[in-house]
Amino acid sequence: MNQNLFASFNIPTMLGMPLVVLIIMFPTMLMVPTKNLINNRSSSIQQWFIQLILKQMMVSHTTKGRTWSLMLLSLITFIAMNNILGLTPYAFTPTTQLSMNLGMAIPLWAATVLMGLRFKTKSSLAHFLPQGTPAPLIPMLIIIETISLFIQPVALAVRLTANITAGHLLMHLLGDTALTLMSIYLSSSTITIIIIILLITLELGVAFIQAYVFTLLVSLYLHDNS
């Protein structure tokens, strides 16, 4: 039994080469496009789900913002599939790595900010100084607003990392507890296993919710700058 709680978050290697790229690509390889002229139930549910997500995120966007529809849809699918990958036995979860989440958050955030500075320069710069601010507070407010702007991608990445990591750690602890109780008191281990099954169901929902929250926040940043 593995006593190291964080061993499951180590990037797997083979012959000294990290396998994280292959692991990240694996969920997308499972999504094979259908060649049928008539959609089956799975394809119909998938199209309904895609239309529902796009409607929720793009309803308030301008024409420039709606050009990001395909990218945001790919983002939520990519994050959700990698989150679900971590719920399979002996699997590595790429979204528990802060470096990967920062690699997604920073370019997307920077793109929305640069888009705002290009198309809505006055409105974007006006966020740094609210109207009616007293003169002595102007330097302090500009510094505070600048820090809050640059902390957005960090908060975006940390939120996803913390939520996915916390669920996996809890399942790991409960799994070790169930194995220990199984040799001591069978009824107690049965209760623990039931709790683990319920927790896995909850983590399945968290996998989708966190993917949606990450994409929705990127969409909100886009809305403020488009």
# chains A, B, ... in the order shown; residues from 1 in each chain; ligands from 1
>>> closest_atom_pairs(of="range 76-126 of chain A", to="range 153-160 of chain A", cutoff="8 Å", atoms="only C-alpha atoms", output="tab-separated table")
residue	atom	partner	partner_atom	distance
A:Thr95	CA	A:Leu160	CA	7.2
A:Thr96	CA	A:Leu160	CA	7.7
A:Leu98	CA	A:Ala157	CA	6.5
A:Asn101	CA	A:Ala157	CA	4.9
A:Leu102	CA	A:Ala157	CA	5.3
A:Met104	CA	A:Ala157	CA	7.9
A:Ala105	CA	A:Pro153	CA	5.2
A:Ile106	CA	A:Pro153	CA	5.4
A:Trp109	CA	A:Pro153	CA	6.2
>>> residues_around(residues="Pro130 in chain A", least_positions_apart="5", cutoff="12 Å", atoms="only C-alpha atoms", output="ChimeraX atom specification")
/A:123-125,135,137-142,144-145
>>> closest_residue(among="A:Ala211, A:Leu181, A:Leu204, A:Ile45", to="Ser74 in chain A", atoms="only C-alpha atoms")
A:Ala211
>>> atom_distance(atom1="CA of Thr165 in chain A", atom2="CA of Val218 in chain A")
21.1 Å
>>> residues_around(residues="Ala80 in chain A", least_positions_apart="6", cutoff="8 Å", atoms="only C-alpha atoms", output="ChimeraX atom specification")
/A:207-208,210-211
>>> residues_around(residues="Met58 in chain A", least_positions_apart="3", cutoff="12 Å", atoms="only C-alpha atoms", output="PyMOL selection string")
chain A and resi 50-55+61-70+72-73+215-216+218-220+222-223+226
>>> residues_around(residues="range 192-199 of chain A", least_positions_apart="6", cutoff="12 Å", atoms="only C-alpha atoms", output="PyMOL selection string")
chain A and resi 87+166-182+185-186+205-206
>>> residues_around(residues="Asn225 in chain A", least_positions_apart="2", cutoff="8 Å", atoms="only C-alpha atoms", output="list in words")
Thr112, Val113, Met115, Gly116, Leu117, Phe119, Lys120, Ser124, Tyr221, Leu222 and His223 of chain A
>>> atom_distance(atom1="CA of Ala162 in chain A", atom2="CA of Asn82 in chain A")
15.0 Å
>>> decode(residues="range 184-195 of chain A", atoms="all heavy atoms", output="CSV table (one decimal), in the first residue's frame")
chain,number,residue,atom,x,y,z
A,184,ILE,N,-9.9,-5.5,10.0
A,184,ILE,CA,-10.2,-5.3,11.5
A,184,ILE,C,-11.7,-5.6,11.7
A,184,ILE,O,-12.1,-6.4,12.5
A,184,ILE,CB,-9.8,-3.9,12.0
A,184,ILE,CG1,-8.3,-3.7,11.8
A,184,ILE,CG2,-10.2,-3.8,13.4
A,184,ILE,CD1,-7.9,-2.3,12.2
A,185,TYR,N,-12.5,-4.8,10.9
A,185,TYR,CA,-14.0,-4.9,11.1
A,185,TYR,C,-14.6,-4.7,9.8
A,185,TYR,O,-14.6,-3.6,9.2
A,185,TYR,CB,-14.4,-3.8,12.1
A,185,TYR,CG,-15.7,-4.0,12.8
A,185,TYR,CD1,-16.0,-5.2,13.5
A,185,TYR,CD2,-16.7,-3.1,12.7
A,185,TYR,CE1,-17.2,-5.4,14.1
A,185,TYR,CE2,-18.0,-3.3,13.3
A,185,TYR,CZ,-18.2,-4.5,14.0
A,185,TYR,OH,-19.4,-4.7,14.6
A,186,LEU,N,-15.3,-5.8,9.3
A,186,LEU,CA,-15.8,-5.8,7.9
A,186,LEU,C,-16.9,-4.8,7.7
A,186,LEU,O,-17.0,-4.1,6.7
A,186,LEU,CB,-16.3,-7.2,7.6
A,186,LEU,CG,-16.7,-7.4,6.1
A,186,LEU,CD1,-15.5,-7.1,5.2
A,186,LEU,CD2,-17.2,-8.9,5.9
A,187,SER,N,-17.8,-4.6,8.7
A,187,SER,CA,-19.0,-3.7,8.5
A,187,SER,C,-18.5,-2.3,8.4
A,187,SER,O,-19.1,-1.5,7.6
A,187,SER,CB,-19.9,-3.9,9.7
A,187,SER,OG,-19.3,-3.6,10.9
A,188,SER,N,-17.5,-1.9,9.1
A,188,SER,CA,-17.0,-0.5,9.0
A,188,SER,C,-16.3,-0.3,7.7
A,188,SER,O,-16.5,0.8,7.1
A,188,SER,CB,-15.9,-0.3,10.1
A,188,SER,OG,-16.5,-0.4,11.4
A,189,SER,N,-15.6,-1.3,7.1
A,189,SER,CA,-15.0,-1.1,5.8
A,189,SER,C,-16.1,-1.0,4.7
A,189,SER,O,-15.9,-0.3,3.7
A,189,SER,CB,-14.1,-2.3,5.5
A,189,SER,OG,-14.8,-3.5,5.5
A,190,THR,N,-17.2,-1.7,4.9
A,190,THR,CA,-18.3,-1.7,4.0
A,190,THR,C,-18.9,-0.3,3.9
A,190,THR,O,-19.2,0.3,2.8
A,190,THR,CB,-19.4,-2.7,4.3
A,190,THR,OG1,-18.8,-4.0,4.4
A,190,THR,CG2,-20.5,-2.7,3.3
A,191,ILE,N,-19.1,0.3,5.1
A,191,ILE,CA,-19.6,1.7,5.1
A,191,ILE,C,-18.6,2.7,4.4
A,191,ILE,O,-19.0,3.6,3.7
A,191,ILE,CB,-19.8,2.1,6.6
A,191,ILE,CG1,-20.9,1.3,7.2
A,191,ILE,CG2,-20.2,3.6,6.6
A,191,ILE,CD1,-21.1,1.5,8.7
A,192,THR,N,-17.3,2.5,4.7
A,192,THR,CA,-16.3,3.3,4.0
A,192,THR,C,-16.3,3.2,2.5
A,192,THR,O,-16.1,4.1,1.8
A,192,THR,CB,-14.9,3.0,4.6
A,192,THR,OG1,-14.9,3.0,6.0
A,192,THR,CG2,-13.9,4.0,4.1
A,193,ILE,N,-16.5,1.9,2.0
A,193,ILE,CA,-16.5,1.7,0.6
A,193,ILE,C,-17.7,2.4,0.0
A,193,ILE,O,-17.6,3.0,-1.1
A,193,ILE,CB,-16.5,0.2,0.3
A,193,ILE,CG1,-15.2,-0.4,0.7
A,193,ILE,CG2,-16.8,-0.1,-1.2
A,193,ILE,CD1,-15.1,-1.9,0.6
A,194,ILE,N,-18.9,2.4,0.6
A,194,ILE,CA,-20.0,3.1,0.1
A,194,ILE,C,-19.8,4.6,0.1
A,194,ILE,O,-20.2,5.2,-0.9
A,194,ILE,CB,-21.3,2.8,1.1
A,194,ILE,CG1,-21.6,1.3,0.9
A,194,ILE,CG2,-22.4,3.6,0.7
A,194,ILE,CD1,-22.7,0.9,1.9
A,195,ILE,N,-19.1,5.1,1.1
A,195,ILE,CA,-18.8,6.5,1.1
A,195,ILE,C,-17.8,6.8,-0.1
A,195,ILE,O,-18.0,7.9,-0.8
A,195,ILE,CB,-18.1,6.9,2.4
A,195,ILE,CG1,-19.1,6.8,3.6
A,195,ILE,CG2,-17.6,8.4,2.3
A,195,ILE,CD1,-18.5,7.1,4.9
